[in-house]
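Written out below as structure tokens is the structure these notes cover.
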Amino acid sequence: MASGLFALLDDVAGIAKIAAASVDDVAGAAGKAGSKAIGVVVDDTAVTPGYAMGFTPDRELPIVAKIAVGSLRNKMIFLLPGALLLSALAPWAVTPILMCGGAYLCFEASEKIIEALNPHGDHDPTDDLALSAKDLEAQKVGGAIRTDLILSAEIMAIALSEVADRPLAIQAAALAAVGVLITVLVYGVVAFIVKMDDIGLHMAERKAALTRAIGRGLVKGMPGVMNALTYVGTAAMLWVGGGILVHGLDHFGVSAVEHGVEAIGHAAATVPGVGAATGWAAMAAAYGVFGLAVGSVLALIVHLIPKRAKSA
């Protein structure tokens, strides 16, 4: 009996060691995959706060929560199974799908720029006023979740490329871990950003002079920060979308654009002392310019088609 018990304990210990090793494998794979996707995470964080602007303070966190839930649903229900299926059954389709997503990001960012430069265009700001608060919130949340879908797809694709040589179970667990952790990180930061003015108001009511001064500074500065994030988010969409398209073209043998971007980056990297930063910034700007060109063409096509249909 005792020997049977010891044998059972040995089996349990062996299973525990295997499980621990699997956890280590998943953690290592998730960490490696997540680190490669950090650039897109920054873009996602910059883009999202703009969707919570213009609402009463009591609706800001619920809106961020709705977007976060939608983001997690995107990753867990659609993107994770889709990435694994595509990797296993049709790996050739991953790049074209990502390029379609990149083109959408470029289109959406370019359309925002065109509307800002041409306020008398097709979009009438009074259309938003005609919507009820509930409808406007649903519209904003829906737009944020659609944009997040593209950014999340890029995150999951980058993560998948880092664990593609691992067993399927490790791939799935690593992608799930990356999806959950990045969602918590991004929307935790977004929630903090959109409530920063309320934190400032609370600090401005404290007794300590320094605390009050910091609080007043936050209250005065947050509108400018939120406005700046809108520009950063638009630029990030062009950078990420343009980068996806350039890398995709290179994958299909059209390498001239990629080589041109790399040449720009290498030239900018020669600045003494800050070469790494200037090289990265130059490449990001080049991707953004390419994304703006593609997005502008797409926006022009999308807006011309309805006009031609009406005239016909």
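Going through the structure tokens in order, the chains are called A, B, and so on, while each chain numbers its residues from 1 and the ligands are numbered from 1 in the order shown.
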
| query | Could you name the residues that touch Glu137 (chain A) at 9 Å or less, counting only C-alpha atoms, but leaving out those on the same chain fewer than 5 positions away, as a list in words? | reply |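 Those residues are Tyr51, Ala52, Phe55, Arg59, Ile63, Ser132 and Gly142 of chain A.
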
Write out, as an mmCIF file, in the first residue's frame, the residues just selected, with N, CA and C atoms.
data_model
loop_
_atom_site.group_PDB
_atom_site.id
_atom_site.type_symbol
_atom_site.label_atom_id
_atom_site.label_comp_id
_atom_site.auth_asym_id
_atom_site.auth_seq_id
_atom_site.Cartn_x
_atom_site.Cartn_y
_atom_site.Cartn_z
ATOM 1 N N TYR A 51 -11.688 58.430 -28.522
ATOM 2 C CA TYR A 51 -13.065 57.945 -28.636
ATOM 3 C C TYR A 51 -13.888 58.218 -27.377
ATOM 4 N N ALA A 52 -13.220 58.523 -26.256
ATOM 5 C CA ALA A 52 -13.940 58.820 -25.014
ATOM 6 C C ALA A 52 -14.091 60.314 -24.786
ATOM 7 N N PHE A 55 -17.731 63.323 -23.851
ATOM 8 C CA PHE A 55 -18.811 62.748 -23.045
ATOM 9 C C PHE A 55 -18.705 63.251 -21.615
ATOM 10 N N ARG A 59 -19.578 58.958 -17.929
ATOM 11 C CA ARG A 59 -19.650 57.979 -19.015
ATOM 12 C C ARG A 59 -18.272 57.581 -19.541
ATOM 13 N N ILE A 63 -17.395 53.847 -21.111
ATOM 14 C CA ILE A 63 -17.056 53.765 -22.535
ATOM 15 C C ILE A 63 -15.740 53.021 -22.722
ATOM 16 N N SER A 132 -28.809 60.922 -30.426
ATOM 17 C CA SER A 132 -28.977 60.907 -28.980
ATOM 18 C C SER A 132 -27.644 60.553 -28.338
ATOM 19 N N GLY A 142 -18.349 51.665 -31.321
ATOM 20 C CA GLY A 142 -18.228 50.803 -32.501
ATOM 21 C C GLY A 142 -17.017 51.163 -33.339
#

| said: At a cut-off of 6 Å, using only C-alpha atoms, what residues contact region 185-191 of chain A? Leave out same-chain residues fewer than 3 positions from it and give the result as a PyMOL selection string. | reply: chain A and resi 45+49+182+194

| request: May I ask which of the residues A:Ala293, A:Ala299, A:Met203, A:Ile305 is the closest one to Glu115 (chain A), counting only C-alpha atoms? | output: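 Among the listed residues, the smallest separation from Glu115 (chain A) belongs to A:Ala299.
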
Close residues, Gly248 (chain A) itself excluded, 10 Å, only C-alpha atoms, min 5 positions apart in chain, as a PDB file with all heavy atoms, in the first residue's frame:
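result-v6.pdb, freshly written:
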ATOM      1  N   VAL A  94      -2.105  35.095 -44.526  1.00  0.00           N
ATOM      2  CA  VAL A  94      -1.902  36.000 -43.396  1.00  0.00           C
ATOM      3  C   VAL A  94      -1.457  37.388 -43.859  1.00  0.00           C
ATOM      4  O   VAL A  94      -2.020  38.403 -43.448  1.00  0.00           O
ATOM      5  CB  VAL A  94      -0.863  35.405 -42.418  1.00  0.00           C
ATOM      6  CG1 VAL A  94      -0.551  36.409 -41.305  1.00  0.00           C
ATOM      7  CG2 VAL A  94      -1.389  34.102 -41.818  1.00  0.00           C
ATOM      8  N   THR A  95      -0.466  37.454 -44.728  1.00  0.00           N
ATOM      9  CA  THR A  95       0.050  38.749 -45.181  1.00  0.00           C
ATOM     10  C   THR A  95      -0.987  39.566 -45.951  1.00  0.00           C
ATOM     11  O   THR A  95      -1.153  40.765 -45.673  1.00  0.00           O
ATOM     12  CB  THR A  95       1.317  38.550 -46.028  1.00  0.00           C
ATOM     13  OG1 THR A  95       2.319  37.907 -45.225  1.00  0.00           O
ATOM     14  CG2 THR A  95       1.854  39.884 -46.517  1.00  0.00           C
ATOM     15  N   PRO A  96      -1.720  38.984 -46.927  1.00  0.00           N
ATOM     16  CA  PRO A  96      -2.755  39.777 -47.599  1.00  0.00           C
ATOM     17  C   PRO A  96      -3.813  40.319 -46.658  1.00  0.00           C
ATOM     18  O   PRO A  96      -4.272  41.467 -46.814  1.00  0.00           O
ATOM     19  CB  PRO A  96      -3.362  38.783 -48.601  1.00  0.00           C
ATOM     20  CG  PRO A  96      -2.282  37.802 -48.864  1.00  0.00           C
ATOM     21  CD  PRO A  96      -1.561  37.660 -47.565  1.00  0.00           C
ATOM     22  N   ILE A  97      -4.214  39.518 -45.668  1.00  0.00           N
ATOM     23  CA  ILE A  97      -5.221  39.983 -44.713  1.00  0.00           C
ATOM     24  C   ILE A  97      -4.680  41.143 -43.892  1.00  0.00           C
ATOM     25  O   ILE A  97      -5.374  42.145 -43.658  1.00  0.00           O
ATOM     26  CB  ILE A  97      -5.674  38.815 -43.804  1.00  0.00           C
ATOM     27  CG1 ILE A  97      -6.497  37.811 -44.619  1.00  0.00           C
ATOM     28  CG2 ILE A  97      -6.484  39.334 -42.622  1.00  0.00           C
ATOM     29  CD1 ILE A  97      -6.846  36.557 -43.864  1.00  0.00           C
ATOM     30  N   LEU A  98      -3.425  41.029 -43.445  1.00  0.00           N
ATOM     31  CA  LEU A  98      -2.820  42.115 -42.695  1.00  0.00           C
ATOM     32  C   LEU A  98      -2.703  43.377 -43.547  1.00  0.00           C
ATOM     33  O   LEU A  98      -2.900  44.496 -43.058  1.00  0.00           O
ATOM     34  CB  LEU A  98      -1.433  41.702 -42.192  1.00  0.00           C
ATOM     35  CG  LEU A  98      -1.411  40.776 -40.978  1.00  0.00           C
ATOM     36  CD1 LEU A  98       0.029  40.378 -40.661  1.00  0.00           C
ATOM     37  CD2 LEU A  98      -2.055  41.425 -39.776  1.00  0.00           C
ATOM     38  N   MET A  99      -2.394  43.206 -44.833  1.00  0.00           N
ATOM     39  CA  MET A  99      -2.288  44.368 -45.718  1.00  0.00           C
ATOM     40  C   MET A  99      -3.640  45.053 -45.895  1.00  0.00           C
ATOM     41  O   MET A  99      -3.708  46.287 -45.971  1.00  0.00           O
ATOM     42  CB  MET A  99      -1.710  43.947 -47.067  1.00  0.00           C
ATOM     43  CG  MET A  99      -0.248  43.532 -47.005  1.00  0.00           C
ATOM     44  SD  MET A  99       0.421  43.062 -48.616  1.00  0.00           S
ATOM     45  CE  MET A  99       0.528  44.671 -49.434  1.00  0.00           C
ATOM     46  N   CYS A 100      -4.706  44.280 -45.951  1.00  0.00           N
ATOM     47  CA  CYS A 100      -6.050  44.885 -46.017  1.00  0.00           C
ATOM     48  C   CYS A 100      -6.318  45.697 -44.756  1.00  0.00           C
ATOM     49  O   CYS A 100      -6.867  46.805 -44.815  1.00  0.00           O
ATOM     50  CB  CYS A 100      -7.107  43.794 -46.186  1.00  0.00           C
ATOM     51  SG  CYS A 100      -7.110  43.001 -47.808  1.00  0.00           S
ATOM     52  N   GLY A 102      -4.003  47.057 -42.832  1.00  0.00           N
ATOM     53  CA  GLY A 102      -3.148  48.238 -42.897  1.00  0.00           C
ATOM     54  C   GLY A 102      -3.722  49.311 -43.805  1.00  0.00           C
ATOM     55  O   GLY A 102      -3.664  50.505 -43.492  1.00  0.00           O
ATOM     56  N   GLY A 242       1.038  52.122 -42.786  1.00  0.00           N
ATOM     57  CA  GLY A 242       2.043  52.200 -43.838  1.00  0.00           C
ATOM     58  C   GLY A 242       3.107  51.138 -43.685  1.00  0.00           C
ATOM     59  O   GLY A 242       3.555  50.540 -44.672  1.00  0.00           O
ATOM     60  N   GLY A 243       3.508  50.875 -42.447  1.00  0.00           N
ATOM     61  CA  GLY A 243       4.504  49.834 -42.200  1.00  0.00           C
ATOM     62  C   GLY A 243       4.013  48.459 -42.606  1.00  0.00           C
ATOM     63  O   GLY A 243       4.755  47.659 -43.195  1.00  0.00           O
ATOM     64  N   GLY A 253       7.787  40.532 -52.939  1.00  0.00           N
ATOM     65  CA  GLY A 253       8.853  40.795 -53.895  1.00  0.00           C
ATOM     66  C   GLY A 253       8.966  42.224 -54.372  1.00  0.00           C
ATOM     67  O   GLY A 253       9.858  42.543 -55.162  1.00  0.00           O
ATOM     68  N   VAL A 254       8.075  43.100 -53.920  1.00  0.00           N
ATOM     69  CA  VAL A 254       8.160  44.522 -54.288  1.00  0.00           C
ATOM     70  C   VAL A 254       8.938  45.224 -53.176  1.00  0.00           C
ATOM     71  O   VAL A 254       8.359  45.730 -52.208  1.00  0.00           O
ATOM     72  CB  VAL A 254       6.764  45.140 -54.469  1.00  0.00           C
ATOM     73  CG1 VAL A 254       6.877  46.592 -54.922  1.00  0.00           C
ATOM     74  CG2 VAL A 254       5.939  44.328 -55.450  1.00  0.00           C
ATOM     75  N   SER A 255      10.248  45.236 -53.312  1.00  0.00           N
ATOM     76  CA  SER A 255      11.114  45.642 -52.209  1.00  0.00           C
ATOM     77  C   SER A 255      11.620  47.075 -52.312  1.00  0.00           C
ATOM     78  O   SER A 255      12.316  47.551 -51.406  1.00  0.00           O
ATOM     79  CB  SER A 255      12.325  44.701 -52.128  1.00  0.00           C
ATOM     80  OG  SER A 255      11.906  43.350 -51.957  1.00  0.00           O
ATOM     81  N   GLU A 258      10.507  49.356 -49.355  1.00  0.00           N
ATOM     82  CA  GLU A 258      11.181  48.945 -48.116  1.00  0.00           C
ATOM     83  C   GLU A 258      12.647  49.384 -48.129  1.00  0.00           C
ATOM     84  O   GLU A 258      13.158  49.907 -47.135  1.00  0.00           O
ATOM     85  CB  GLU A 258      11.082  47.433 -47.939  1.00  0.00           C
ATOM     86  CG  GLU A 258      11.768  46.896 -46.694  1.00  0.00           C
ATOM     87  CD  GLU A 258      11.003  47.161 -45.414  1.00  0.00           C
ATOM     88  OE1 GLU A 258       9.895  47.732 -45.473  1.00  0.00           O
ATOM     89  OE2 GLU A 258      11.516  46.814 -44.349  1.00  0.00           O
TER      90      GLU A 258
END

| Ala204 (chain A): which residues within 7 Å, counting only C-alpha atoms, same-chain residues fewer than 5 positions away excluded, as a ChimeraX atom specification? | /A:211-213,215-216

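Ranking A:Ala256, A:Ile199, A:Ile193, A:Ile301 by their shortest atom-to-atom distance to Val225 (chain A), with only C-alpha atoms included, puts A:Ile193 first.
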
| From the list A:Met237, A:Leu84, A:Ile145, A:Ala138, which residue is nearest Ile170 (chain A) when using only C-alpha atoms? | A:Leu84

| Rounded to one decimal in Å, what is the spacing between CA of Leu245 (chain A) and CA of Phe290 (chain A)? |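 Distance reported for this atom pair: 8.7 Å.
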
| request: as JSON, numbers by chain, please: all residues of region 101-285 of chain A that backbone DSSP puts in helix (DSSP H, G or I). | output: {"A": [101, 102, 103, 104, 105, 106, 107, 108, 109, 110, 111, 112, 113, 114, 115, 116, 117, 126, 127, 128, 129, 130, 133, 134, 135, 136, 137, 138, 139, 140, 141, 142, 143, 144, 145, 146, 147, 148, 149, 150, 151, 152, 153, 154, 155, 156, 157, 158, 159, 160, 161, 162, 163, 168, 169, 170, 171, 172, 173, 174, 175, 176, 177, 178, 179, 180, 181, 182, 183, 184, 185, 186, 187, 188, 189, 190, 191, 192, 193, 194, 196, 197, 198, 199, 200, 201, 202, 203, 204, 209, 210, 211, 212, 213, 214, 215, 216, 217, 218, 219, 220, 221, 222, 223, 224, 225, 226, 227, 228, 229, 230, 231, 232, 233, 234, 235, 236, 237, 238, 239, 240, 241, 242, 243, 244, 245, 246, 247, 248, 249, 250, 251, 256, 257, 258, 259, 260, 261, 262, 263, 264, 265, 266, 267, 268, 275, 276, 277, 278, 279, 280, 281, 282, 283, 284, 285]}

| message | as an MDAnalysis selection string, please: the residues near region 227-235 of chain A (cut-off 12 Å, only C-alpha atoms, same-chain neighbours under 3 positions excluded). | response | chainID A and resid 40:54 105:114 116 144 147:148 151 190 193:194 221:224 238:242 281 284:292 295

| request: Report the distance between CA of Gly179 (chain A) and CA of Asn74 (chain A) in Å, rounded to one decimal place. | output: 9.4 Å

| task | Can you work out the spacing between CA of Met283 (chain A) and CA of Gly265 (chain A) in Å, to one decimal? | result |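 These two atoms are separated by 5.0 Å.
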